[in-house]
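S.K.: Handing you a structure now.
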Amino acid sequence: MPTDVTERPPVRERGATTIADRVVAKISAQAAREALGGLPAGGHKPHASVVVHRDAARISVSLELDYPADIGRRCGAVRARVRGRVEELVGMEVHEVSVHVERLHSPRTAPAARKGRLG
């Protein structure tokens with residue numbers, strides 16, 4: 001057995017680190033929240049699903065936005081933030097980040113605005 005630290009094999013040869021898909025999905029959802037800077041009134045937090053193959057990820061993020069909004073710019077910011085955070089924190093290559101806008105929230109359709117309406 002080697003007793004000198006310099007005789008030990010390099011770190012890469014001593015074991016492996018496996019990161020679960022759900023962990024990458026949580027990091028992706030949090031990065032999307034950071035990129036948006038806040039949730040629309042009555043909106044839900046972004047959620048993400050991830051497919052990892054070897055050391056590369058394909059990420060799908062679903063979110064809600066305020067209306068009106070520059071949807072293209074906001075989705076571009078989400079894509080950039082998600083890609084950057086996953087590569088930084090997990091060390092995984094990100095091949096694709098798909099952003100799905102599920103709902104647009106208008107001040108006119110907020111729950112408080114609907115109180116006086118019938119049907």
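Convention: chains lettered A, B, ... in structure tokens order; per-chain residue numbering from 1; ligands numbered from 1 as shown.
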Produce a table with one row for each residue of segment 14-80 of chain A that has an atom at most 6 Å from any atom of segment 91-105 of chain A, each row naming the nearest atom pair and its distance in Å at one decimal; use only C-alpha atoms; arrange rows by chain and rising residue number; format as a Markdown table.

M.R.:
```
| residue | atom | partner | partner_atom | distance |
| --- | --- | --- | --- | --- |
| A:Asp55 | CA | A:Met92 | CA | 5.4 |
| A:Ala56 | CA | A:Glu93 | CA | 4.6 |
| A:Ala57 | CA | A:Val94 | CA | 4.8 |
| A:Arg58 | CA | A:Glu96 | CA | 4.8 |
| A:Ile59 | CA | A:Val97 | CA | 4.7 |
| A:Ser60 | CA | A:Ser98 | CA | 4.6 |
| A:Val61 | CA | A:Val99 | CA | 4.9 |
| A:Ser62 | CA | A:His100 | CA | 4.7 |
| A:Leu63 | CA | A:Val101 | CA | 5.2 |
| A:Glu64 | CA | A:Arg103 | CA | 4.9 |
| A:Leu65 | CA | A:Leu104 | CA | 5.0 |
| A:Asp66 | CA | A:His105 | CA | 4.6 |
| A:Tyr67 | CA | A:His105 | CA | 5.3 |
| A:Arg79 | CA | A:Val97 | CA | 5.7 |
```

S.K.: With N, CA and C atoms retained, export the selected residues as a short mmCIF file (atom, residue, chain, number, x, y, z; two decimals), in the first residue's frame.

M.R.:
```
data_model
loop_
_atom_site.label_atom_id
_atom_site.label_comp_id
_atom_site.auth_asym_id
_atom_site.auth_seq_id
_atom_site.Cartn_x
_atom_site.Cartn_y
_atom_site.Cartn_z
N ASP A 55 -22.62 12.53 -19.91
CA ASP A 55 -22.38 13.80 -19.21
C ASP A 55 -23.03 14.97 -19.92
N ALA A 56 -24.16 14.73 -20.58
CA ALA A 56 -24.86 15.79 -21.31
C ALA A 56 -26.34 15.78 -20.93
N ALA A 57 -26.92 16.97 -20.83
CA ALA A 57 -28.32 17.09 -20.41
C ALA A 57 -29.16 17.80 -21.48
N ARG A 58 -30.40 17.39 -21.56
CA ARG A 58 -31.43 18.10 -22.32
C ARG A 58 -32.47 18.50 -21.28
N ILE A 59 -32.76 19.79 -21.24
CA ILE A 59 -33.60 20.33 -20.17
C ILE A 59 -34.84 20.98 -20.76
N SER A 60 -35.96 20.75 -20.12
CA SER A 60 -37.22 21.38 -20.50
C SER A 60 -37.75 22.13 -19.28
N VAL A 61 -38.00 23.43 -19.45
CA VAL A 61 -38.48 24.28 -18.36
C VAL A 61 -39.87 24.79 -18.73
N SER A 62 -40.83 24.66 -17.82
CA SER A 62 -42.17 25.20 -18.00
C SER A 62 -42.36 26.33 -17.01
N LEU A 63 -42.94 27.43 -17.50
CA LEU A 63 -43.08 28.60 -16.63
C LEU A 63 -44.28 29.45 -17.04
N GLU A 64 -44.58 30.42 -16.20
CA GLU A 64 -45.66 31.38 -16.45
C GLU A 64 -45.05 32.77 -16.43
N LEU A 65 -45.60 33.66 -17.26
CA LEU A 65 -45.10 35.03 -17.37
C LEU A 65 -46.22 36.04 -17.18
N ASP A 66 -45.82 37.25 -16.79
CA ASP A 66 -46.77 38.36 -16.77
C ASP A 66 -47.09 38.76 -18.20
N TYR A 67 -48.27 39.35 -18.39
CA TYR A 67 -48.65 39.90 -19.68
C TYR A 67 -48.88 41.38 -19.49
N ARG A 79 -33.08 30.49 -20.74
CA ARG A 79 -32.20 29.50 -21.36
C ARG A 79 -30.74 29.72 -20.97
#
```

S.K.: Can you tell me, as a PyMOL selection string, what residues are no more than 6 Å from segment 26-40 of chain A when counting only C-alpha atoms, ignoring any on the same chain fewer than 6 positions away?

M.R.: chain A and resi 46-48+65-66+78+81-82

S.K.: Mind checking DSSP for chain A and telling me the strand (DSSP E or B) residues as an NGL selection string?

M.R.: :A and (47-53 or 56-66 or 93-105)

S.K.: One decimal, in Å: what's the spacing between atom CA of Val50 of chain A and atom CA of Arg85 of chain A?

M.R.: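 Those two atoms sit 14.0 Å apart.
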
S.K.: Mind pulling up the distance from atom CA of Gly84 of chain A to atom CA of Ile71 of chain A?

M.R.: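 We find that atom CA of Ile71 of chain A and atom CA of Gly84 of chain A lie 19.9 Å from each other.
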
S.K.: Which of these residues is nearest to Arg22 of chain A, using only C-alpha atoms: A:Arg83, A:Gly76, A:Val51, A:Pro107?

M.R.: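 Smallest separation from Arg22 of chain A among the options: A:Val51.
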
S.K.: Per DSSP on the backbone, filter chain A down to the residues in helix (DSSP H, G or I) and report them as an MDAnalysis selection string.

M.R.: chainID A and resid 5:7 11:13 21:36 71:90 107:109

S.K.: As an exercise, work out the distance from atom CA of Pro9 of chain A to atom CA of His53 of chain A in Å and give it to one decimal place.

M.R.: 27.0 Å
